[in-house]
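Participant: You'll find query_31.pdb just under this line, and it carries PDB, C-alpha atoms.
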ATOM      1  CA  MET A   1     -37.176   2.190   6.716
ATOM      2  CA  GLU A   2     -35.280  -0.903   7.805
ATOM      3  CA  ASN A   3     -32.179  -0.139   9.817
ATOM      4  CA  LYS A   4     -30.397  -3.382   9.074
ATOM      5  CA  ASN A   5     -27.085  -3.397   7.255
ATOM      6  CA  TYR A   6     -25.451  -6.320   5.530
ATOM      7  CA  ILE A   7     -21.999  -7.720   4.915
ATOM      8  CA  SER A   8     -22.194  -7.904   1.148
ATOM      9  CA  SER A   9     -18.748  -9.320   0.432
ATOM     10  CA  TYR A  10     -15.519 -10.155   2.236
ATOM     11  CA  CYS A  11     -11.904 -11.070   1.590
ATOM     12  CA  ALA A  12      -9.551 -12.631   4.125
ATOM     13  CA  ALA A  13      -5.831 -13.275   3.740
ATOM     14  CA  LYS A  14      -3.919 -15.239   6.353
ATOM     15  CA  ASN A  15      -1.881 -18.424   6.747
ATOM     16  CA  GLY A  16      -1.053 -18.616   3.046
ATOM     17  CA  GLU A  17      -4.650 -18.464   1.897
ATOM     18  CA  VAL A  18      -6.963 -15.899   0.384
ATOM     19  CA  ILE A  19     -10.674 -16.434   0.867
ATOM     20  CA  VAL A  20     -13.272 -14.395  -0.992
ATOM     21  CA  ASP A  21     -16.926 -14.863  -0.038
ATOM     22  CA  HIS A  22     -16.437 -18.324   1.531
ATOM     23  CA  THR A  23     -14.308 -19.581  -1.384
ATOM     24  CA  ILE A  24     -10.562 -20.150  -1.315
ATOM     25  CA  SER A  25      -9.424 -18.082  -4.277
ATOM     26  CA  TYR A  26      -5.665 -18.521  -3.784
ATOM     27  CA  SER A  27      -3.429 -20.712  -1.668
ATOM     28  CA  GLU A  28       0.368 -20.741  -1.393
ATOM     29  CA  LYS A  29       1.533 -22.172   1.897
ATOM     30  CA  THR A  30       5.241 -22.301   1.137
ATOM     31  CA  LEU A  31       5.933 -18.576   1.038
ATOM     32  CA  LEU A  32       6.568 -16.272   3.967
ATOM     33  CA  SER A  33       4.492 -13.140   4.570
ATOM     34  CA  VAL A  34       5.601 -10.484   2.093
ATOM     35  CA  ASP A  35       6.541 -13.055  -0.545
ATOM     36  CA  PHE A  36       3.082 -14.526  -0.181
ATOM     37  CA  ILE A  37       1.503 -11.087  -0.601
ATOM     38  CA  LYS A  38       3.602 -10.444  -3.723
ATOM     39  CA  SER A  39       2.585 -13.838  -5.084
ATOM     40  CA  VAL A  40      -1.079 -12.865  -4.668
ATOM     41  CA  TYR A  41      -0.385  -9.663  -6.599
ATOM     42  CA  LYS A  42       1.306 -11.587  -9.406
ATOM     43  CA  HIS A  43      -1.239 -14.412  -9.462
ATOM     44  CA  PHE A  44      -4.160 -12.037  -9.990
ATOM     45  CA  GLN A  45      -2.126  -9.835 -12.357
ATOM     46  CA  PHE A  46      -2.982  -6.551 -10.669
ATOM     47  CA  ASN A  47      -1.330  -3.950 -12.803
ATOM     48  CA  TYR A  48      -0.311  -1.231 -10.370
ATOM     49  CA  PRO A  49       3.448  -0.485 -10.416
ATOM     50  CA  LYS A  50       3.145   1.575  -7.229
ATOM     51  CA  PHE A  51       2.432  -1.689  -5.386
ATOM     52  CA  TYR A  52       6.145  -2.423  -5.189
ATOM     53  CA  LYS A  53       6.843   0.903  -3.519
ATOM     54  CA  MET A  54       4.356   0.300  -0.717
ATOM     55  CA  ASP A  55       5.366  -0.980   2.683
ATOM     56  CA  HIS A  56       4.284  -4.502   3.646
ATOM     57  CA  LEU A  57       1.173  -3.312   5.486
ATOM     58  CA  CYS A  58      -0.094  -1.365   2.465
ATOM     59  CA  LYS A  59       0.774  -4.227   0.111
ATOM     60  CA  LEU A  60      -1.410  -6.517   2.221
ATOM     61  CA  ALA A  61      -4.255  -3.995   2.307
ATOM     62  CA  PHE A  62      -3.914  -3.442  -1.431
ATOM     63  CA  VAL A  63      -4.246  -7.074  -2.545
ATOM     64  CA  THR A  64      -7.088  -7.739  -0.109
ATOM     65  CA  SER A  65      -9.033  -4.650  -1.148
ATOM     66  CA  GLU A  66      -8.472  -5.399  -4.830
ATOM     67  CA  LEU A  67     -10.020  -8.851  -4.456
ATOM     68  CA  LEU A  68     -12.841  -7.540  -2.276
ATOM     69  CA  LEU A  69     -13.760  -4.825  -4.780
ATOM     70  CA  LYS A  70     -13.411  -7.222  -7.678
ATOM     71  CA  SER A  71     -15.991  -9.444  -6.009
ATOM     72  CA  ASN A  72     -18.196  -6.516  -5.061
ATOM     73  CA  PRO A  73     -17.424  -3.420  -7.176
ATOM     74  CA  VAL A  74     -19.068  -0.906  -4.847
ATOM     75  CA  THR A  75     -17.298   1.963  -6.604
ATOM     76  CA  GLN A  76     -19.625   1.315  -9.546
ATOM     77  CA  LYS A  77     -22.729   1.413  -7.347
ATOM     78  CA  TYR A  78     -22.059   4.417  -5.128
ATOM     79  CA  SER A  79     -20.608   7.860  -5.630
ATOM     80  CA  SER A  80     -17.029   8.265  -4.416
ATOM     81  CA  GLU A  81     -18.178  10.469  -1.488
ATOM     82  CA  ASP A  82     -20.641   7.827  -0.252
ATOM     83  CA  ILE A  83     -18.063   5.094   0.349
ATOM     84  CA  ALA A  84     -16.298   5.108   3.729
ATOM     85  CA  ILE A  85     -13.147   3.229   4.640
ATOM     86  CA  ILE A  86     -12.814   2.279   8.319
ATOM     87  CA  ILE A  87      -9.955  -0.084   9.122
ATOM     88  CA  SER A  88      -8.208  -1.280  12.265
ATOM     89  CA  ASN A  89      -5.177  -3.237  13.411
ATOM     90  CA  SER A  90      -3.007  -3.841  16.462
ATOM     91  CA  THR A  91       0.550  -3.044  15.395
ATOM     92  CA  SER A  92      -0.184   0.210  13.577
ATOM     93  CA  SER A  93       2.757   0.911  11.240
ATOM     94  CA  LEU A  94       5.372  -0.494  13.630
ATOM     95  CA  GLU A  95       7.037  -2.622  10.929
ATOM     96  CA  ILE A  96       7.945   0.362   8.760
ATOM     97  CA  ASP A  97       8.499   2.615  11.818
ATOM     98  CA  THR A  98      11.278   0.250  12.850
ATOM     99  CA  GLU A  99      12.724   0.315   9.361
ATOM    100  CA  HIS A 100      12.696   4.120   9.443
ATOM    101  CA  GLN A 101      14.348   4.081  12.876
ATOM    102  CA  ASN A 102      17.138   1.929  11.438
ATOM    103  CA  THR A 103      17.894   4.589   8.802
ATOM    104  CA  ILE A 104      18.345   7.326  11.415
ATOM    105  CA  SER A 105      19.799   5.547  14.453
ATOM    106  CA  ASP A 106      23.435   5.783  13.302
ATOM    107  CA  LYS A 107      24.558   9.412  13.318
ATOM    108  CA  GLY A 108      27.471   8.510  11.035
ATOM    109  CA  ASN A 109      25.175   6.876   8.506
ATOM    110  CA  TYR A 110      22.144   9.144   8.758
ATOM    111  CA  PHE A 111      20.135   8.743   5.568
ATOM    112  CA  PRO A 112      16.390   8.784   6.290
ATOM    113  CA  SER A 113      14.517   7.438   3.301
ATOM    114  CA  PRO A 114      11.570   9.581   2.132
ATOM    115  CA  ALA A 115       9.964   6.498   0.549
ATOM    116  CA  ILE A 116      10.053   4.692   3.892
ATOM    117  CA  PHE A 117       9.075   7.725   5.952
ATOM    118  CA  VAL A 118       5.858   8.341   4.006
ATOM    119  CA  TYR A 119       4.499   5.000   5.213
ATOM    120  CA  THR A 120       5.109   5.621   8.920
ATOM    121  CA  LEU A 121       1.409   6.076   9.652
ATOM    122  CA  SER A 122      -1.025   3.186   9.654
ATOM    123  CA  ASN A 123      -3.815   5.172   7.986
ATOM    124  CA  ILE A 124      -1.702   5.513   4.839
ATOM    125  CA  LEU A 125      -3.125   2.154   3.794
ATOM    126  CA  ILE A 126      -6.564   3.762   3.695
ATOM    127  CA  GLY A 127      -5.092   6.435   1.437
ATOM    128  CA  GLU A 128      -3.659   3.804  -0.889
ATOM    129  CA  ILE A 129      -7.059   2.097  -1.219
ATOM    130  CA  ALA A 130      -8.780   5.449  -1.664
ATOM    131  CA  ILE A 131      -6.345   6.620  -4.362
ATOM    132  CA  ARG A 132      -6.496   3.347  -6.234
ATOM    133  CA  ASN A 133     -10.318   3.382  -6.291
ATOM    134  CA  SER A 134     -11.009   7.147  -6.273
ATOM    135  CA  ILE A 135     -12.896   6.890  -2.983
ATOM    136  CA  LYS A 136     -13.491  10.173  -1.169
ATOM    137  CA  GLY A 137     -15.800   9.275   1.727
ATOM    138  CA  GLU A 138     -15.240   9.213   5.482
ATOM    139  CA  ASN A 139     -12.174   7.365   6.705
ATOM    140  CA  THR A 140     -10.820   6.379  10.078
ATOM    141  CA  PHE A 141      -8.132   4.031  11.339
ATOM    142  CA  PHE A 142      -8.440   2.402  14.775
ATOM    143  CA  ILE A 143      -5.772   0.605  16.743
ATOM    144  CA  PHE A 144      -6.924  -2.145  19.129
ATOM    145  CA  ASP A 145      -5.227  -4.999  20.978
ATOM    146  CA  LYS A 146      -7.199  -7.345  18.761
ATOM    147  CA  PHE A 147      -9.957  -7.156  16.166
ATOM    148  CA  ASP A 148     -13.061  -5.783  17.867
ATOM    149  CA  PRO A 149     -16.255  -6.764  15.984
ATOM    150  CA  VAL A 150     -18.502  -5.236  18.668
ATOM    151  CA  PHE A 151     -16.973  -1.782  18.351
ATOM    152  CA  MET A 152     -16.578  -1.946  14.583
ATOM    153  CA  SER A 153     -20.138  -3.097  13.902
ATOM    154  CA  SER A 154     -21.553  -0.431  16.202
ATOM    155  CA  TYR A 155     -19.382   2.318  14.691
ATOM    156  CA  ILE A 156     -20.193   1.400  11.096
ATOM    157  CA  ASN A 157     -23.910   0.937  11.706
ATOM    158  CA  SER A 158     -23.950   4.411  13.266
ATOM    159  CA  LEU A 159     -22.006   5.830  10.334
ATOM    160  CA  LEU A 160     -24.445   4.384   7.801
ATOM    161  CA  LYS A 161     -27.417   5.479   9.895
ATOM    162  CA  SER A 162     -26.061   9.036  10.028
ATOM    163  CA  GLY A 163     -26.131   9.167   6.244
ATOM    164  CA  LYS A 164     -22.468  10.164   6.029
ATOM    165  CA  ALA A 165     -21.852   7.017   4.002
ATOM    166  CA  LYS A 166     -23.958   4.525   2.078
ATOM    167  CA  CYS A 167     -21.343   1.820   1.970
ATOM    168  CA  CYS A 168     -18.280   1.014   4.045
ATOM    169  CA  ILE A 169     -15.117  -0.904   3.307
ATOM    170  CA  THR A 170     -13.957  -2.074   6.681
ATOM    171  CA  GLY A 171     -12.086  -4.661   8.696
ATOM    172  CA  TRP A 172      -8.618  -5.480   9.951
ATOM    173  CA  VAL A 173      -5.186  -5.320   8.262
ATOM    174  CA  ASP A 174      -2.150  -6.174  10.365
ATOM    175  CA  PHE A 175       1.464  -6.888   9.487
ATOM    176  CA  TYR A 176       4.396  -7.162  11.859
ATOM    177  CA  GLU A 177       7.529  -9.298  11.917
ATOM    178  CA  ASN A 178       6.365 -11.645   9.182
ATOM    179  CA  LYS A 179       2.968 -12.155  10.787
ATOM    180  CA  TYR A 180       0.127 -10.945   8.629
ATOM    181  CA  GLU A 181      -3.618 -10.987   8.708
ATOM    182  CA  SER A 182      -6.133  -9.152   6.603
ATOM    183  CA  PHE A 183      -9.907  -9.314   6.763
ATOM    184  CA  LEU A 184     -11.824  -6.725   4.784
ATOM    185  CA  TYR A 185     -15.531  -6.622   4.058
ATOM    186  CA  THR A 186     -18.132  -4.330   2.562
ATOM    187  CA  VAL A 187     -21.171  -3.197   4.529
ATOM    188  CA  GLU A 188     -24.272  -1.887   2.783
ATOM    189  CA  LYS A 189     -28.034  -1.622   3.139
ATOM    190  CA  GLU A 190     -28.347  -4.116   0.313
ATOM    191  CA  GLN A 191     -28.047  -7.793   1.179
ATOM    192  CA  GLY A 192     -25.734  -8.656  -1.683
ATOM    193  CA  THR A 193     -25.121 -12.303  -2.546
ATOM    194  CA  LEU A 194     -23.905 -13.207   0.949
ATOM    195  CA  LYS A 195     -27.074 -12.052   2.735
ATOM    196  CA  ILE A 196     -25.233 -11.805   6.058
ATOM    197  CA  GLU A 197     -26.592  -9.286   8.518
ATOM    198  CA  HIS A 198     -23.947  -6.876   9.788
ATOM    199  CA  THR A 199     -23.799  -7.803  13.456
ATOM    200  CA  SER A 200     -20.823  -8.420  15.733
ATOM    201  CA  GLU A 201     -21.705 -12.119  15.941
ATOM    202  CA  GLN A 202     -21.727 -12.551  12.166
ATOM    203  CA  ILE A 203     -18.459 -10.632  11.826
ATOM    204  CA  LYS A 204     -16.890 -12.887  14.481
ATOM    205  CA  LYS A 205     -18.010 -15.983  12.581
ATOM    206  CA  LEU A 206     -16.491 -14.799   9.312
ATOM    207  CA  TYR A 207     -13.304 -13.560  10.979
ATOM    208  CA  ASN A 208     -12.721 -16.820  12.824
ATOM    209  CA  ASN A 209     -13.325 -19.046   9.798
TER
ATOM    210  CA  MET B   1      30.405   6.318 -18.342
ATOM    211  CA  ASP B   2      28.640   3.085 -19.375
ATOM    212  CA  ALA B   3      29.743   1.372 -16.167
ATOM    213  CA  LEU B   4      28.440   4.264 -14.076
ATOM    214  CA  ILE B   5      25.117   4.244 -15.961
ATOM    215  CA  ASP B   6      24.806   0.508 -15.354
ATOM    216  CA  GLN B   7      25.604   0.987 -11.663
ATOM    217  CA  LEU B   8      23.049   3.814 -11.395
ATOM    218  CA  LYS B   9      20.341   1.670 -12.971
ATOM    219  CA  GLY B  10      20.930  -0.977 -10.306
ATOM    220  CA  GLU B  11      20.948   1.589  -7.506
ATOM    221  CA  ILE B  12      17.718   3.184  -8.727
ATOM    222  CA  ILE B  13      15.938  -0.159  -9.068
ATOM    223  CA  GLU B  14      16.950  -1.044  -5.512
ATOM    224  CA  GLN B  15      16.411   2.355  -3.884
ATOM    225  CA  LEU B  16      13.059   3.034  -5.548
ATOM    226  CA  ASN B  17      11.782  -0.562  -5.243
ATOM    227  CA  LEU B  18      11.230  -0.899  -8.992
ATOM    228  CA  GLU B  19      10.993  -4.659  -8.585
ATOM    229  CA  ASP B  20       9.197  -5.239 -11.835
ATOM    230  CA  LEU B  21      12.049  -3.669 -13.829
ATOM    231  CA  LYS B  22      15.432  -4.993 -14.879
ATOM    232  CA  LYS B  23      18.456  -2.885 -15.824
ATOM    233  CA  GLU B  24      17.989  -3.693 -19.514
ATOM    234  CA  ASP B  25      14.399  -2.391 -19.375
ATOM    235  CA  ILE B  26      15.634   1.096 -18.538
ATOM    236  CA  ASP B  27      16.659   3.494 -21.290
ATOM    237  CA  ALA B  28      19.486   5.697 -20.007
ATOM    238  CA  ASP B  29      18.167   8.626 -22.048
ATOM    239  CA  ALA B  30      14.467   8.276 -21.194
ATOM    240  CA  PRO B  31      12.893  10.901 -18.894
ATOM    241  CA  LEU B  32      12.869   9.796 -15.258
ATOM    242  CA  PHE B  33       9.682  11.692 -14.419
ATOM    243  CA  GLY B  34       6.316  11.865 -16.141
ATOM    244  CA  GLU B  35       6.785   9.467 -19.012
ATOM    245  CA  GLY B  36       9.718   7.036 -19.075
ATOM    246  CA  LEU B  37      10.136   5.532 -15.602
ATOM    247  CA  GLY B  38       7.170   7.550 -14.318
ATOM    248  CA  LEU B  39       8.767   8.508 -11.021
ATOM    249  CA  ASP B  40       6.996  10.802  -8.549
ATOM    250  CA  SER B  41       7.974  13.509  -6.056
ATOM    251  CA  ILE B  42       8.890  11.019  -3.317
ATOM    252  CA  ASP B  43      11.165   9.257  -5.804
ATOM    253  CA  ALA B  44      12.835  12.617  -6.498
ATOM    254  CA  LEU B  45      13.679  12.906  -2.797
ATOM    255  CA  GLU B  46      14.985   9.337  -2.851
ATOM    256  CA  LEU B  47      17.272  10.193  -5.772
ATOM    257  CA  ILE B  48      18.700  13.136  -3.805
ATOM    258  CA  VAL B  49      19.383  10.755  -0.882
ATOM    259  CA  LEU B  50      20.894   8.221  -3.307
ATOM    260  CA  LEU B  51      23.339  10.800  -4.687
ATOM    261  CA  GLU B  52      24.465  11.731  -1.194
ATOM    262  CA  LYS B  53      24.517   8.235   0.301
ATOM    263  CA  ASN B  54      26.061   6.294  -2.575
ATOM    264  CA  HIS B  55      28.154   8.977  -4.255
ATOM    265  CA  GLY B  56      28.848  11.568  -1.555
ATOM    266  CA  ILE B  57      27.350  14.383  -3.618
ATOM    267  CA  LYS B  58      24.975  17.011  -2.259
ATOM    268  CA  ILE B  59      22.938  19.124  -4.633
ATOM    269  CA  ALA B  60      23.819  22.670  -3.594
ATOM    270  CA  ASN B  61      21.149  24.396  -5.650
ATOM    271  CA  PRO B  62      17.732  22.641  -5.687
ATOM    272  CA  ALA B  63      16.913  24.445  -8.941
ATOM    273  CA  ASP B  64      19.561  22.282 -10.635
ATOM    274  CA  GLY B  65      17.537  19.152  -9.785
ATOM    275  CA  LYS B  66      15.363  19.332 -12.890
ATOM    276  CA  LYS B  67      18.417  19.204 -15.148
ATOM    277  CA  ILE B  68      20.327  16.631 -13.087
ATOM    278  CA  PHE B  69      17.387  14.225 -12.837
ATOM    279  CA  GLN B  70      16.303  14.509 -16.451
ATOM    280  CA  SER B  71      17.568  11.014 -17.230
ATOM    281  CA  ILE B  72      19.953   8.391 -15.896
ATOM    282  CA  ARG B  73      22.593   9.661 -18.324
ATOM    283  CA  SER B  74      22.279  13.226 -16.994
ATOM    284  CA  MET B  75      22.609  11.880 -13.447
ATOM    285  CA  ALA B  76      25.732   9.960 -14.430
ATOM    286  CA  GLU B  77      27.227  13.057 -16.071
ATOM    287  CA  PHE B  78      26.520  15.082 -12.922
ATOM    288  CA  ILE B  79      28.147  12.430 -10.723
ATOM    289  CA  LYS B  80      31.186  12.251 -12.990
ATOM    290  CA  ALA B  81      31.587  16.032 -12.976
ATOM    291  CA  ASN B  82      31.172  16.387  -9.204
ATOM    292  CA  LYS B  83      32.783  13.264  -7.761
ATOM    293  CA  LYS B  84      35.608  14.250  -5.424
TER
END
Would you mind writing the structure in this file as structure tokens?

Facilitator:
Amino acid sequence: MENKNYISSYCAAKNGEVIVDHTISYSEKTLLSVDFIKSVYKHFQFNYPKFYKMDHLCKLAFVTSELLLKSNPVTQKYSSEDIAIIISNSTSSLEIDTEHQNTISDKGNYFPSPAIFVYTLSNILIGEIAIRNSIKGENTFFIFDKFDPVFMSSYINSLLKSGKAKCCITGWVDFYENKYESFLYTVEKEQGTLKIEHTSEQIKKLYNN
Amino acid sequence: MDALIDQLKGEIIEQLNLEDLKKEDIDADAPLFGEGLGLDSIDALELIVLLEKNHGIKIANPADGKKIFQSIRSMAEFIKANKK
């Protein structure tokens, strides 16, 4: 049996652009970070009221994953237990951690917000994607200095080889101080329409485009 | 009472990040949880914080929460009755 895996679809959001499978699907260069992410949500008419309650990091992960899974609806091809979500970033949940810190730093005005506090873990974004799409497979969140295609490709190829997952939603979602970058892709045994082998070199090429 | 209800609607929209709603979209008598605004358990905690932060009122008995947070009108009545 062939051990190759393939990047079957991808979605990248950065610098005011959203690219899905090599095609620019949305562009709005005039808006800053979170306003841009909200404009993506409105443009594609995702109907998910909880979106507005998410922190910026989860909002970014949400819109990117929605477009990725719209392009490649893996939840219709695999059982919920066979889809893994493995995501990474560099600033973890620092944006919302800082916001939480601001609600508790003044002893005379000490009102920690439960809605903020629940997002003070970076892997919550995996939970949001999993809840939205009823995905119940393996999940892990890694924090690196920068996106690491060598580690990620090796980890995900091993995961698929182990049989613990048949498909993986993976990549990089980072948001801090108005800087944002999201790059999510699906990895499967099937070639999909992209026909890109899942290797670190191919991931690098897509990520740097 | 109407002014307080209007104020509460604004506070709830802001505190709970209900960005897709306007004050006029919210029925003061509609249930806050389940149907109506469809709030969840985290929102319930936020409402408790809102009462304390914006109105200086602590809920002494958590069992009263169900009655207090039935609707925006019931919240307003509770605030009016307990405001010092």

Participant: Determine the residue set returned by the PyMOL selection byres ((chain A) within 10 of (chain B)) for the present structure, and present it as a list in words.

Facilitator: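 Applied to this file, the PyMOL selection byres ((chain A) within 10 of (chain B)) selects Pro49, Lys50, Phe51, Tyr52, Lys53, Met54, Asn109, Tyr110, Phe111, Pro112, Ser113, Pro114, Ala115, Ile116, Phe117 and Val118 of chain A.
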
Participant: Check the smallest atom-to-atom distance from each of A:Val173, A:Ala61, A:Ile87, A:Val74 to Tyr41 of chain A using all atoms listed in the file, then report the winner.

Facilitator: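 For Tyr41 of chain A, the nearest of the given residues is A:Ala61.
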
Participant: Might you spell out which residues the PyMOL selection byres ((chain B and resi 2) around 12) would select in the displayed file, as a PDB file with C-alpha atoms, in the frame of the given file?

Facilitator:
ATOM      1  CA  MET B   1      30.405   6.318 -18.342  1.00  0.00           C
ATOM      2  CA  ALA B   3      29.743   1.372 -16.167  1.00  0.00           C
ATOM      3  CA  LEU B   4      28.440   4.264 -14.076  1.00  0.00           C
ATOM      4  CA  ILE B   5      25.117   4.244 -15.961  1.00  0.00           C
ATOM      5  CA  ASP B   6      24.806   0.508 -15.354  1.00  0.00           C
ATOM      6  CA  GLN B   7      25.604   0.987 -11.663  1.00  0.00           C
ATOM      7  CA  LEU B   8      23.049   3.814 -11.395  1.00  0.00           C
ATOM      8  CA  LYS B   9      20.341   1.670 -12.971  1.00  0.00           C
ATOM      9  CA  ALA B  28      19.486   5.697 -20.007  1.00  0.00           C
ATOM     10  CA  ILE B  72      19.953   8.391 -15.896  1.00  0.00           C
ATOM     11  CA  ARG B  73      22.593   9.661 -18.324  1.00  0.00           C
ATOM     12  CA  ALA B  76      25.732   9.960 -14.430  1.00  0.00           C
ATOM     13  CA  GLU B  77      27.227  13.057 -16.071  1.00  0.00           C
ATOM     14  CA  LYS B  80      31.186  12.251 -12.990  1.00  0.00           C
TER      15      LYS B  80
END

Participant: What's the separation between atom CA of Gln202 of chain A and atom CA of Ala165 of chain A, in Å to one decimal place?

Facilitator: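 Value for the atom CA of Gln202 of chain A-atom CA of Ala165 of chain A distance: 21.2 Å.
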
Participant: So which residues get picked by the PyMOL selection byres ((chain A and resi 174-182) around 9) here, written as a PDB file with C-alpha atoms, in the frame of the given file?

Facilitator:
ATOM      1  CA  CYS A  11     -11.904 -11.070   1.590  1.00  0.00           C
ATOM      2  CA  ALA A  12      -9.551 -12.631   4.125  1.00  0.00           C
ATOM      3  CA  ALA A  13      -5.831 -13.275   3.740  1.00  0.00           C
ATOM      4  CA  LYS A  14      -3.919 -15.239   6.353  1.00  0.00           C
ATOM      5  CA  ASN A  15      -1.881 -18.424   6.747  1.00  0.00           C
ATOM      6  CA  LEU A  32       6.568 -16.272   3.967  1.00  0.00           C
ATOM      7  CA  SER A  33       4.492 -13.140   4.570  1.00  0.00           C
ATOM      8  CA  VAL A  34       5.601 -10.484   2.093  1.00  0.00           C
ATOM      9  CA  HIS A  56       4.284  -4.502   3.646  1.00  0.00           C
ATOM     10  CA  LEU A  57       1.173  -3.312   5.486  1.00  0.00           C
ATOM     11  CA  LEU A  60      -1.410  -6.517   2.221  1.00  0.00           C
ATOM     12  CA  ALA A  61      -4.255  -3.995   2.307  1.00  0.00           C
ATOM     13  CA  THR A  64      -7.088  -7.739  -0.109  1.00  0.00           C
ATOM     14  CA  SER A  88      -8.208  -1.280  12.265  1.00  0.00           C
ATOM     15  CA  ASN A  89      -5.177  -3.237  13.411  1.00  0.00           C
ATOM     16  CA  SER A  90      -3.007  -3.841  16.462  1.00  0.00           C
ATOM     17  CA  THR A  91       0.550  -3.044  15.395  1.00  0.00           C
ATOM     18  CA  SER A  92      -0.184   0.210  13.577  1.00  0.00           C
ATOM     19  CA  SER A  93       2.757   0.911  11.240  1.00  0.00           C
ATOM     20  CA  LEU A  94       5.372  -0.494  13.630  1.00  0.00           C
ATOM     21  CA  GLU A  95       7.037  -2.622  10.929  1.00  0.00           C
ATOM     22  CA  ILE A  96       7.945   0.362   8.760  1.00  0.00           C
ATOM     23  CA  GLY A 171     -12.086  -4.661   8.696  1.00  0.00           C
ATOM     24  CA  TRP A 172      -8.618  -5.480   9.951  1.00  0.00           C
ATOM     25  CA  VAL A 173      -5.186  -5.320   8.262  1.00  0.00           C
ATOM     26  CA  PHE A 183      -9.907  -9.314   6.763  1.00  0.00           C
ATOM     27  CA  LEU A 184     -11.824  -6.725   4.784  1.00  0.00           C
TER      28      LEU A 184
END
